[in-house]
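Text of upload37.txt, listed as compact mmCIF, C-alpha atoms:
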# COMPACT_ATOMS: atom_id res chain seq x y z
CA MET Q 133 -53.85 44.41 5.84
CA LYS Q 134 -56.96 46.21 4.57
CA SER Q 135 -59.14 45.48 7.59
CA ILE Q 136 -62.47 47.05 8.51
CA LYS Q 137 -61.17 47.65 12.05
CA ASP Q 138 -59.82 51.12 11.46
CA ILE Q 139 -62.54 52.35 9.09
CA ASN Q 140 -65.84 54.00 9.99
CA PHE Q 141 -68.56 53.00 7.53
CA ALA Q 142 -71.25 55.43 8.74
CA GLY Q 143 -73.79 56.19 6.04
CA ARG Q 144 -72.28 53.77 3.54
CA LYS Q 145 -73.83 50.85 1.69
CA VAL Q 146 -71.48 47.95 2.21
CA LEU Q 147 -71.48 44.83 0.04
CA VAL Q 148 -70.36 41.97 2.26
CA ARG Q 149 -69.49 38.51 0.93
CA VAL Q 150 -70.21 36.01 3.71
CA ASP Q 151 -70.15 32.21 3.90
CA PHE Q 152 -73.66 31.06 4.81
CA ASN Q 153 -73.34 27.61 3.19
CA VAL Q 154 -74.73 25.88 6.29
CA PRO Q 155 -76.22 22.40 6.74
CA MET Q 156 -80.02 22.11 6.93
CA ASP Q 157 -82.40 19.25 7.67
CA GLY Q 158 -85.40 18.24 5.55
CA GLN Q 159 -87.56 20.90 7.17
CA LYS Q 160 -85.08 23.67 6.31
CA ASN Q 161 -83.90 24.01 9.89
CA ILE Q 162 -80.24 25.00 10.20
CA THR Q 163 -78.42 22.22 12.03
CA ASP Q 164 -75.07 23.97 12.47
CA ASP Q 165 -75.01 27.77 12.51
CA THR Q 166 -71.25 28.16 13.06
CA ARG Q 167 -70.58 29.89 9.75
CA ILE Q 168 -73.38 32.39 10.34
CA ARG Q 169 -72.25 33.13 13.89
CA GLU Q 170 -68.66 33.58 12.73
CA SER Q 171 -69.82 36.42 10.47
CA LEU Q 172 -71.53 38.31 13.31
CA PRO Q 173 -68.50 40.32 14.49
CA THR Q 174 -68.16 41.85 11.03
CA ILE Q 175 -71.90 42.41 10.59
CA ASN Q 176 -72.27 43.95 14.05
CA LYS Q 177 -69.22 46.20 13.61
CA LEU Q 178 -70.55 47.61 10.34
CA LEU Q 179 -74.03 48.12 11.79
CA ALA Q 180 -72.60 49.83 14.86
CA ASP Q 181 -70.84 52.26 12.51
CA GLY Q 182 -74.19 53.15 10.95
CA ALA Q 183 -73.76 51.33 7.65
CA SER Q 184 -76.41 49.53 5.63
CA LEU Q 185 -75.48 45.99 4.57
CA ILE Q 186 -76.06 44.02 1.40
CA LEU Q 187 -74.99 40.46 2.11
CA MET Q 188 -73.98 38.00 -0.61
CA ALA Q 189 -73.68 34.25 -0.05
CA HIS Q 190 -73.92 30.91 -1.80
CA PHE Q 191 -75.72 27.74 -0.76
CA GLY Q 192 -75.18 24.28 -2.16
CA ARG Q 193 -74.42 23.55 -5.79
CA PRO Q 194 -77.25 24.80 -8.02
CA LYS Q 195 -77.30 23.41 -11.54
CA GLY Q 196 -78.12 26.81 -13.02
CA GLY Q 197 -80.97 29.18 -12.28
CA PHE Q 198 -83.35 29.37 -9.36
CA GLU Q 199 -83.95 26.21 -7.29
CA ALA Q 200 -86.43 26.51 -4.42
CA ASP Q 201 -84.62 23.91 -2.32
CA LEU Q 202 -81.43 25.96 -2.44
CA SER Q 203 -82.95 29.33 -1.60
CA LEU Q 204 -81.33 31.37 1.16
CA GLU Q 205 -84.72 32.45 2.56
CA PRO Q 206 -84.38 30.20 5.68
CA VAL Q 207 -80.96 31.76 6.33
CA ALA Q 208 -82.37 35.28 6.09
CA LYS Q 209 -85.02 34.43 8.67
CA TYR Q 210 -82.48 32.80 10.96
CA LEU Q 211 -80.01 35.66 10.70
CA SER Q 212 -82.69 38.15 11.73
CA THR Q 213 -83.02 36.34 15.07
CA LEU Q 214 -79.27 36.62 15.66
CA ILE Q 215 -78.94 40.33 14.90
CA ASN Q 216 -82.31 41.34 16.40
CA ARG Q 217 -83.51 43.20 13.33
CA PRO Q 218 -85.29 42.31 10.09
CA VAL Q 219 -83.26 40.95 7.20
CA GLN Q 220 -84.81 42.01 3.92
CA PHE Q 221 -84.91 39.27 1.31
CA THR Q 222 -86.39 38.57 -2.08
CA GLN Q 223 -86.16 35.52 -4.29
CA ALA Q 224 -86.05 37.85 -7.29
CA LEU Q 225 -82.67 37.82 -8.99
CA LEU Q 226 -80.66 40.79 -10.26
CA GLY Q 227 -82.09 42.17 -13.46
CA GLU Q 228 -85.68 41.73 -12.33
CA GLY Q 229 -85.64 45.06 -10.48
CA LYS Q 230 -86.73 43.98 -7.01
CA ALA Q 231 -83.27 43.35 -5.50
CA GLU Q 232 -81.93 46.56 -7.02
CA GLU Q 233 -84.85 48.55 -5.61
CA MET Q 234 -84.36 47.09 -2.15
CA ALA Q 235 -80.66 47.93 -2.20
CA LYS Q 236 -81.33 51.47 -3.40
CA ASN Q 237 -83.82 52.13 -0.58
CA LEU Q 238 -81.74 50.51 2.15
CA LYS Q 239 -81.26 52.86 5.12
CA ALA Q 240 -78.52 53.03 7.75
CA GLY Q 241 -78.74 50.09 10.13
CA GLU Q 242 -80.74 47.95 7.69
CA VAL Q 243 -79.68 44.59 6.28
CA MET Q 244 -80.62 42.69 3.16
CA LEU Q 245 -79.48 39.29 1.90
CA LEU Q 246 -79.34 38.59 -1.81
CA GLU Q 247 -80.66 35.30 -3.09
CA ASN Q 248 -78.17 32.44 -3.57
CA ILE Q 249 -75.36 33.95 -5.63
CA ARG Q 250 -74.76 30.62 -7.37
CA PHE Q 251 -78.13 30.83 -9.08
CA TYR Q 252 -76.20 32.96 -11.59
CA ALA Q 253 -74.23 30.84 -14.06
CA GLY Q 254 -71.53 33.52 -14.21
CA GLU Q 255 -70.69 33.38 -10.50
CA THR Q 256 -68.43 30.34 -10.59
CA LYS Q 257 -66.82 31.59 -13.82
CA GLY Q 258 -65.73 34.89 -12.29
CA ASP Q 259 -67.96 36.73 -14.76
CA GLU Q 260 -67.24 40.48 -14.93
CA VAL Q 261 -70.77 41.41 -16.04
CA LEU Q 262 -72.25 39.79 -12.93
CA ALA Q 263 -69.54 41.31 -10.75
CA LYS Q 264 -70.37 44.77 -12.10
CA GLN Q 265 -74.09 44.21 -11.46
CA LEU Q 266 -73.31 43.33 -7.87
CA ALA Q 267 -70.89 46.21 -7.44
CA GLN Q 268 -73.53 48.71 -8.47
CA LEU Q 269 -75.60 47.81 -5.40
CA GLY Q 270 -73.13 49.31 -2.89
CA ASP Q 271 -70.28 51.75 -2.55
CA CYS Q 272 -67.65 49.56 -0.86
CA TYR Q 273 -66.84 45.86 -0.60
CA VAL Q 274 -65.92 43.59 2.32
CA ASN Q 275 -64.93 39.94 1.90
CA ASP Q 276 -65.58 37.89 5.02
CA ALA Q 277 -66.02 34.49 3.35
CA PHE Q 278 -62.78 32.64 4.02
CA GLY Q 279 -64.45 29.33 3.17
CA ALA Q 280 -64.80 30.56 -0.43
CA ALA Q 281 -61.54 32.53 -0.63
CA HIS Q 282 -59.89 29.85 -2.77
CA ARG Q 283 -62.55 30.32 -5.46
CA GLU Q 284 -62.02 32.87 -8.21
CA HIS Q 285 -65.72 33.69 -8.41
CA SER Q 286 -67.55 36.91 -9.27
CA SER Q 287 -68.56 37.68 -5.67
CA THR Q 288 -65.30 36.58 -4.04
CA ALA Q 289 -62.65 37.99 -6.37
CA THR Q 290 -63.79 39.68 -9.61
CA ILE Q 291 -66.01 42.19 -7.82
CA ALA Q 292 -63.05 43.68 -5.95
CA LYS Q 293 -61.71 45.35 -9.11
CA PHE Q 294 -64.75 47.63 -9.11
CA PHE Q 295 -63.71 48.99 -5.69
CA PRO Q 296 -60.01 49.81 -6.16
CA ASN Q 297 -59.88 52.02 -3.05
CA ASP Q 298 -62.80 50.64 -1.04
CA LYS Q 299 -62.23 46.92 -0.53
CA TYR Q 300 -61.50 45.32 2.84
CA PHE Q 301 -61.14 42.09 4.78
CA GLY Q 302 -63.86 41.35 7.30
CA LEU Q 303 -62.92 40.36 10.85
CA LEU Q 304 -63.30 36.63 10.18
CA MET Q 305 -61.02 36.81 7.14
CA GLU Q 306 -58.50 38.87 9.05
CA ASN Q 307 -58.45 36.34 11.90
CA GLU Q 308 -57.94 33.43 9.50
CA ILE Q 309 -55.05 35.15 7.71
CA VAL Q 310 -53.33 36.22 10.95
CA ASN Q 311 -53.49 32.70 12.39
CA LEU Q 312 -52.39 30.95 9.21
CA GLU Q 313 -49.48 33.35 8.82
CA LYS Q 314 -48.47 32.55 12.38
CA LEU Q 315 -48.40 28.86 11.51
CA LEU Q 316 -46.35 29.38 8.38
CA ASN Q 317 -43.93 32.06 9.55
CA ASN Q 318 -43.94 32.58 13.30
CA ALA Q 319 -44.88 29.35 15.04
CA PRO Q 320 -43.49 28.69 18.54
CA ARG Q 321 -41.36 25.52 18.56
CA PRO Q 322 -41.56 22.59 18.68
CA PHE Q 323 -44.17 22.69 15.90
CA THR Q 324 -46.13 19.49 15.21
CA ALA Q 325 -48.33 18.93 12.15
CA ILE Q 326 -50.89 16.12 12.38
CA ILE Q 327 -52.09 15.39 8.86
CA GLY Q 328 -54.77 12.83 8.07
CA GLY Q 329 -57.35 11.94 5.47
CA SER Q 330 -57.86 9.08 3.08
CA LYS Q 331 -55.44 9.92 0.27
CA VAL Q 332 -51.85 11.12 0.05
CA SER Q 333 -52.71 12.74 -3.29
CA SER Q 334 -55.00 15.26 -1.58
CA LYS Q 335 -52.37 16.26 0.98
CA ILE Q 336 -49.16 16.30 -1.11
CA GLY Q 337 -49.02 20.09 -1.21
CA ILE Q 338 -49.42 20.64 2.51
CA LEU Q 339 -46.90 17.91 3.39
CA GLU Q 340 -44.28 19.35 1.05
CA ASN Q 341 -44.82 22.96 2.12
CA LEU Q 342 -44.58 22.15 5.83
CA ILE Q 343 -41.41 20.05 5.74
CA ASP Q 344 -39.13 23.04 6.30
CA LYS Q 345 -41.46 24.58 8.89
CA VAL Q 346 -42.26 21.81 11.38
CA ASP Q 347 -40.30 19.75 13.90
CA ASN Q 348 -42.70 16.79 13.92
CA MET Q 349 -44.94 15.37 11.21
CA VAL Q 350 -47.61 12.86 12.25
CA ILE Q 351 -49.26 11.07 9.33
CA ILE Q 352 -52.60 9.48 10.22
CA GLY Q 353 -55.83 8.32 8.59
CA GLY Q 354 -56.05 6.15 5.52
CA MET Q 355 -53.19 7.98 3.81
CA ARG Q 356 -50.71 6.49 6.26
CA TYR Q 357 -51.13 3.07 4.61
CA THR Q 358 -49.55 4.27 1.41
CA PHE Q 359 -46.48 5.08 3.55
CA THR Q 360 -46.70 1.77 5.45
CA LYS Q 361 -46.92 -0.29 2.27
CA ALA Q 362 -44.09 1.71 0.69
CA LEU Q 363 -41.94 0.68 3.67
CA GLY Q 364 -42.75 -2.99 2.97
CA GLY Q 365 -45.61 -3.42 5.42
CA LYS Q 366 -48.56 -5.76 4.97
CA ILE Q 367 -51.75 -3.66 4.94
CA GLY Q 368 -54.54 -6.10 3.96
CA ASN Q 369 -57.45 -4.29 2.36
CA SER Q 370 -56.59 -0.90 3.86
CA ILE Q 371 -57.07 2.11 1.62
CA HIS Q 372 -53.89 3.19 -0.17
CA GLU Q 373 -52.51 4.54 -3.45
CA ASP Q 374 -49.95 2.28 -5.09
CA ASP Q 375 -48.92 4.98 -7.56
CA LYS Q 376 -48.06 7.34 -4.69
CA MET Q 377 -45.70 4.94 -2.90
CA PRO Q 378 -42.55 6.36 -4.57
CA LEU Q 379 -43.72 9.83 -3.49
CA ALA Q 380 -44.27 8.60 0.07
CA LEU Q 381 -40.69 7.33 0.21
CA GLU Q 382 -39.45 10.61 -1.25
CA LEU Q 383 -41.38 12.63 1.35
CA MET Q 384 -39.99 10.54 4.21
CA GLN Q 385 -36.45 11.06 2.89
CA LYS Q 386 -37.06 14.83 2.64
CA MET Q 387 -38.23 14.85 6.25
CA LYS Q 388 -35.10 13.03 7.33
CA ASP Q 389 -32.94 15.45 5.36
CA HIS Q 390 -34.64 18.43 7.06
CA GLY Q 391 -34.35 16.91 10.53
CA VAL Q 392 -38.12 16.47 10.84
CA ASN Q 393 -39.30 13.66 13.10
CA TYR Q 394 -42.08 11.80 11.31
CA PHE Q 395 -44.48 9.40 12.98
CA LEU Q 396 -46.72 6.69 11.53
CA PRO Q 397 -49.20 4.89 13.82
CA THR Q 398 -47.65 1.65 15.05
CA ASP Q 399 -50.87 -0.25 15.73
CA SER Q 400 -54.32 -0.24 14.19
CA VAL Q 401 -57.91 -1.15 14.92
CA ILE Q 402 -58.87 -3.31 11.96
CA ALA Q 403 -62.24 -4.66 10.84
CA ASP Q 404 -63.54 -7.33 8.49
CA ALA Q 405 -66.21 -4.99 7.10
CA PHE Q 406 -66.83 -1.25 6.73
CA SER Q 407 -69.47 -1.20 9.46
CA ASN Q 408 -70.01 -0.31 13.12
CA ASP Q 409 -70.98 -3.95 13.67
CA ALA Q 410 -67.89 -5.47 12.07
CA ASN Q 411 -65.57 -7.87 13.86
CA THR Q 412 -62.48 -6.01 15.06
CA GLN Q 413 -59.01 -6.66 16.40
CA ILE Q 414 -55.86 -4.67 17.17
CA VAL Q 415 -52.71 -5.50 15.21
CA PRO Q 416 -49.38 -3.87 14.31
CA SER Q 417 -50.02 -1.42 11.47
CA ASP Q 418 -47.68 -3.29 9.13
CA GLN Q 419 -49.28 -6.67 9.79
CA VAL Q 420 -52.88 -6.30 8.64
CA PRO Q 421 -54.23 -9.68 7.41
CA ASP Q 422 -55.80 -10.13 3.99
CA GLY Q 423 -59.52 -9.46 4.08
CA TRP Q 424 -59.17 -6.95 6.93
CA GLU Q 425 -59.04 -3.18 6.73
CA SER Q 426 -57.53 -0.59 9.06
CA MET Q 427 -60.25 1.67 10.52
CA ASP Q 428 -58.56 3.60 13.34
CA CYS Q 429 -55.41 4.11 15.36
CA GLY Q 430 -54.75 1.56 18.07
CA PRO Q 431 -53.97 2.27 21.77
CA GLU Q 432 -50.17 2.39 21.33
CA SER Q 433 -50.57 4.93 18.53
CA CYS Q 434 -52.91 7.03 20.67
CA LYS Q 435 -50.27 7.10 23.40
CA MET Q 436 -47.64 8.14 20.86
CA LEU Q 437 -49.91 10.90 19.60
CA ARG Q 438 -50.46 12.15 23.14
CA ASP Q 439 -46.73 12.26 23.88
CA VAL Q 440 -45.99 14.25 20.71
CA ILE Q 441 -48.91 16.64 21.24
CA MET Q 442 -48.13 17.37 24.87
CA SER Q 443 -44.50 18.18 24.06
CA SER Q 444 -45.43 20.70 21.34
CA LYS Q 445 -45.78 24.48 21.48
CA THR Q 446 -47.63 24.69 18.14
CA ILE Q 447 -50.01 22.14 16.65
CA LEU Q 448 -51.67 22.03 13.26
CA TRP Q 449 -54.32 19.33 12.95
CA ASN Q 450 -55.95 18.61 9.59
CA GLY Q 451 -57.69 15.30 9.01
CA PRO Q 452 -59.09 12.41 11.08
CA ALA Q 453 -57.19 9.47 12.53
CA GLY Q 454 -59.60 6.89 11.19
CA VAL Q 455 -63.12 6.30 9.88
CA PHE Q 456 -64.48 9.01 12.11
CA GLU Q 457 -68.00 8.87 10.63
CA LEU Q 458 -68.49 5.42 12.20
CA ALA Q 459 -68.77 5.72 15.99
CA ALA Q 460 -66.94 2.44 16.55
CA PHE Q 461 -63.84 3.86 14.89
CA ALA Q 462 -63.84 7.46 16.15
CA LYS Q 463 -61.70 6.89 19.25
CA GLY Q 464 -58.37 7.89 17.69
CA THR Q 465 -59.78 11.15 16.32
CA ASN Q 466 -61.51 11.92 19.61
CA GLU Q 467 -58.31 11.22 21.56
CA ILE Q 468 -56.45 13.74 19.42
CA ALA Q 469 -59.16 16.32 20.11
CA LYS Q 470 -58.91 15.78 23.86
CA CYS Q 471 -55.12 15.91 23.89
CA VAL Q 472 -54.98 19.07 21.76
CA ALA Q 473 -57.48 20.77 24.08
CA GLU Q 474 -55.36 19.76 27.07
CA ALA Q 475 -52.23 21.11 25.40
CA CYS Q 476 -53.98 24.43 24.76
CA LYS Q 477 -54.68 24.77 28.48
CA GLN Q 478 -50.91 24.59 29.00
CA GLY Q 479 -50.29 27.42 26.52
CA THR Q 480 -49.84 25.55 23.24
CA PHE Q 481 -51.10 27.30 20.09
CA ALA Q 482 -53.32 24.84 18.22
CA ALA Q 483 -55.01 25.30 14.86
CA VAL Q 484 -57.69 22.90 13.67
CA GLY Q 485 -59.01 22.71 10.12
CA GLY Q 486 -60.72 20.25 7.83
CA GLY Q 487 -64.25 18.88 8.03
CA ASP Q 488 -63.77 15.83 10.25
CA SER Q 489 -61.24 17.47 12.57
CA VAL Q 490 -63.56 20.43 13.12
CA ALA Q 491 -66.55 18.10 13.51
CA ALA Q 492 -64.67 16.15 16.18
CA VAL Q 493 -63.85 19.17 18.35
CA LYS Q 494 -67.42 20.44 17.97
CA GLN Q 495 -69.04 17.12 18.84
CA MET Q 496 -66.89 16.83 21.93
CA GLY Q 497 -67.63 20.40 22.99
CA LEU Q 498 -63.96 21.37 22.70
CA ALA Q 499 -64.04 23.91 19.86
CA ASP Q 500 -63.86 26.90 22.21
CA GLN Q 501 -60.77 25.39 23.87
CA MET Q 502 -58.77 25.43 20.63
CA SER Q 503 -56.63 28.44 19.78
CA TYR Q 504 -58.08 28.66 16.30
CA VAL Q 505 -60.66 26.62 14.38
CA SER Q 506 -60.68 27.42 10.67
CA THR Q 507 -63.99 28.03 8.89
CA GLY Q 508 -62.59 26.93 5.53
CA GLY Q 509 -61.30 23.43 4.93
CA GLY Q 510 -60.29 23.75 1.28
CA ALA Q 511 -59.18 27.36 1.65
CA MET Q 512 -57.07 26.56 4.71
CA LEU Q 513 -55.46 23.62 2.92
CA GLU Q 514 -54.54 25.70 -0.13
CA TYR Q 515 -53.18 28.53 2.05
CA LEU Q 516 -50.96 26.07 3.92
CA GLU Q 517 -49.81 24.64 0.61
CA GLY Q 518 -48.45 28.10 -0.17
CA LYS Q 519 -51.00 28.88 -2.86
CA VAL Q 520 -52.32 32.40 -3.45
CA LEU Q 521 -56.04 32.50 -2.68
CA PRO Q 522 -57.97 34.62 -5.22
CA GLY Q 523 -60.31 36.07 -2.56
CA ILE Q 524 -57.33 37.35 -0.58
CA ALA Q 525 -55.26 38.48 -3.54
CA ALA Q 526 -58.20 40.53 -4.87
CA ILE Q 527 -58.28 42.65 -1.70
CA ASN Q 528 -54.50 43.06 -1.51
CA GLU Q 529 -54.12 44.19 -5.15

Kindly return the structure encoded in the file as structure tokens.
Amino acid sequence: MKSIKDINFAGRKVLVRVDFNVPMDGQKNITDDTRIRESLPTINKLLADGASLILMAHFGRPKGGFEADLSLEPVAKYLSTLINRPVQFTQALLGEGKAEEMAKNLKAGEVMLLENIRFYAGETKGDEVLAKQLAQLGDCYVNDAFGAAHREHSSTATIAKFFPNDKYFGLLMENEIVNLEKLLNNAPRPFTAIIGGSKVSSKIGILENLIDKVDNMVIIGGMRYTFTKALGGKIGNSIHEDDKMPLALELMQKMKDHGVNYFLPTDSVIADAFSNDANTQIVPSDQVPDGWESMDCGPESCKMLRDVIMSSKTILWNGPAGVFELAAFAKGTNEIAKCVAEACKQGTFAAVGGGDSVAAVKQMGLADQMSYVSTGGGAMLEYLEGKVLPGIAAINE
């Protein structure tokens, strides 16, 4: 692996792709700085070597060209407080001279952040002209943006070809790859995958790729109702995909054929409206009345989940157990978080990825008790599906 660990970057200008796509409130205050903090080991290592850093990042989804609301200026100011030194920044884009001048005059130990890389239309197209413009700012390239590694963009993939002998993974990227490879190829057994979310269609790849790697597959969230209905269950108004029912049956047969134990929640918390204030009741998962919708796992299912988790040596958790965004239906997801944290204390290796799963462990103050919390939901999913991520392939080439 082409890691920065064994390289001294003293006196070099290092282009570093980071993931600073962080949430902000209406006053431009950063409300969750996890992605910025996760980049600090790489930034601090390079600065300790005596390098100068030119950071590249995206923010939001600009429609093309500069948009004041999507400027990275608040991030530059915030980062300076974390690294205890100024972060140079200009809203001028490449081609206007200012950013190029700043990069040229950057001295050892200094840091600059380029304006939102997605203000350039060519970024998301993997444009070589833009990649070359960026490459000319530094003399080596480090990719530390795992959250964007599944994108074949100018700053995440194309740029690497301009540094055939000077391209590296940052420490965050290295950690993500090492942990994901452990899950796929060297996981202590028994290995349990807990896969949730609303649709089977979004998780087909990960389910199929894990069948020959896991001992237990727990299917939760809204997607479980496609499986329940396929088995002849009555699911009321619960979310499901009729056209994916044959696939659900096929996946369950594959799991049986591979000796994988699969689990579907046996009881559900159901509601008569999609609201915290809805009327609720607990029923068997295959006996949901018309007009009612499953919103969370029931108590029997939570006990089943606990038993499976506590008997596992490796856990992969991706996706919530229910409608986690509504507090009244977050119990199942929160119970998983607590059980996984407890299992980790007993030596289990647990990896957590996906927006709601990560949000749950953060909200409960359990993130630091997990073995590994991924910074990239989509990138993690594609890696576990067995896909080649462009941002990783570009460094390995």

Margin query: Need the shell around Q:Asp201: protein/DNA/RNA residues with any atom at most 12 Å away, counting only C-alpha atoms. Skip same-chain ones fewer than 4 positions apart. Format as a PyMOL selection string?
Written below: chain Q and resi 156-160+191-195+197+205-206+223+248+251

Check: Looking at only C-alpha atoms, which of Q:Asn318, Q:Asn393, Q:Ser426, Q:Thr412 is the one that sits closest to Q:Gly354?
Finding: Q:Ser426

Check: Which is closest to Q:Glu308 among Q:Lys470, Q:Gly279, Q:Phe294, Q:Ser286, if we use all atoms listed in the file?
Finding: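 Distance minimum relative to Q:Glu308 lands on Q:Gly279.
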
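Taking atom CA of Q:Met387 as the reference point, atom CA of Q:Ile343 is found at 6.1 Å.
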
Margin query: Please report the interatomic distance between atom CA of Q:Val415 and atom CA of Q:Ala403 in Å with one decimal.
Written below: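 Those two atoms sit 10.5 Å apart.
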
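If you look at atom CA of Q:Val493 and atom CA of Q:Glu467, they are 10.2 Å away from each other.
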
Checklist line | Close residues, Q:Ile139 itself excluded, 12 Å, all atoms listed in the file, min 4 positions apart in chain, as a ChimeraX atom specification | finding: /Q:134-135,144,177-178,180-183,272,274,298-302

Go ahead and write the selection's residues with C-alpha atoms as a PDB file, in the coordinates of the input.
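This went into part07.pdb:
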ATOM      1  CA  LYS Q 134     -56.960  46.210   4.570  1.00  0.00           C
ATOM      2  CA  SER Q 135     -59.140  45.480   7.590  1.00  0.00           C
ATOM      3  CA  ARG Q 144     -72.280  53.770   3.540  1.00  0.00           C
ATOM      4  CA  LYS Q 177     -69.220  46.200  13.610  1.00  0.00           C
ATOM      5  CA  LEU Q 178     -70.550  47.610  10.340  1.00  0.00           C
ATOM      6  CA  ALA Q 180     -72.600  49.830  14.860  1.00  0.00           C
ATOM      7  CA  ASP Q 181     -70.840  52.260  12.510  1.00  0.00           C
ATOM      8  CA  GLY Q 182     -74.190  53.150  10.950  1.00  0.00           C
ATOM      9  CA  ALA Q 183     -73.760  51.330   7.650  1.00  0.00           C
ATOM     10  CA  CYS Q 272     -67.650  49.560  -0.860  1.00  0.00           C
ATOM     11  CA  VAL Q 274     -65.920  43.590   2.320  1.00  0.00           C
ATOM     12  CA  ASP Q 298     -62.800  50.640  -1.040  1.00  0.00           C
ATOM     13  CA  LYS Q 299     -62.230  46.920  -0.530  1.00  0.00           C
ATOM     14  CA  TYR Q 300     -61.500  45.320   2.840  1.00  0.00           C
ATOM     15  CA  PHE Q 301     -61.140  42.090   4.780  1.00  0.00           C
ATOM     16  CA  GLY Q 302     -63.860  41.350   7.300  1.00  0.00           C
TER      17      GLY Q 302
END

Checklist line | Nearest-residue call for Q:Gln478, choices Q:Leu363, Q:Ile249, Q:Lys445, Q:Leu202, using only C-alpha atoms | finding: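 Nearest to Q:Gln478: Q:Lys445.
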
Margin query: I need the residue nearest Q:Ile162 from this list: Q:Lys209, Q:Ala511, Q:Asn341, Q:Leu437. Use all atoms listed in the file for the distance.
Written below: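 Smallest separation from Q:Ile162 among the options: Q:Lys209.
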
Using the file's own x, y and z axes, what box holds all listed atoms of stretch 367-378 of chain Q with 3 Å on each side, keeping edges along x, y and z, and what are its centre and edge lengths in Å to one decimal, as AutoDock Vina command-line options?
--center_x -50.0 --center_y 0.6 --center_z -1.3 --size_x 20.9 --size_y 19.4 --size_z 18.5

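Minimum distance to Q:Glu170 across Q:Ala325, Q:Ala499, Q:Ala462, Q:Leu303 (counting only C-alpha atoms) occurs at Q:Leu303.
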
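Counting all atoms listed in the file, the residue from Q:Ser212, Q:Asn307, Q:Thr324, Q:Thr446 that sits nearest to Q:Leu339 is Q:Thr324.
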
Margin query: Residues near Q:Arg356, anyone? I mean within 8 Å using all atoms listed in the file, not counting same-chain ones fewer than 4 positions away, as an NGL selection string.
Written below: :Q and (328 or 332 or 351-352 or 360 or 372 or 396-397)

Dump of C-alpha atoms for the selected residues, as a compact mmCIF listing (two decimals), in the frame of the given file:
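Saved to again_30.txt:
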# COMPACT_ATOMS: atom_id res chain seq x y z
CA GLY Q 328 -54.77 12.83 8.07
CA VAL Q 332 -51.85 11.12 0.05
CA ILE Q 351 -49.26 11.07 9.33
CA ILE Q 352 -52.60 9.48 10.22
CA THR Q 360 -46.70 1.77 5.45
CA HIS Q 372 -53.89 3.19 -0.17
CA LEU Q 396 -46.72 6.69 11.53
CA PRO Q 397 -49.20 4.89 13.82

Next item on the list: Counting only C-alpha atoms, select every polymer residue within 12 Å of (-46.8, 0.9, 13.5) as defined in the file's coordinates, and provide the selection as a ChimeraX atom specification.
Entry: /Q:351-352,356-357,359-361,363-367,395-401,414-420,426,429-434,436
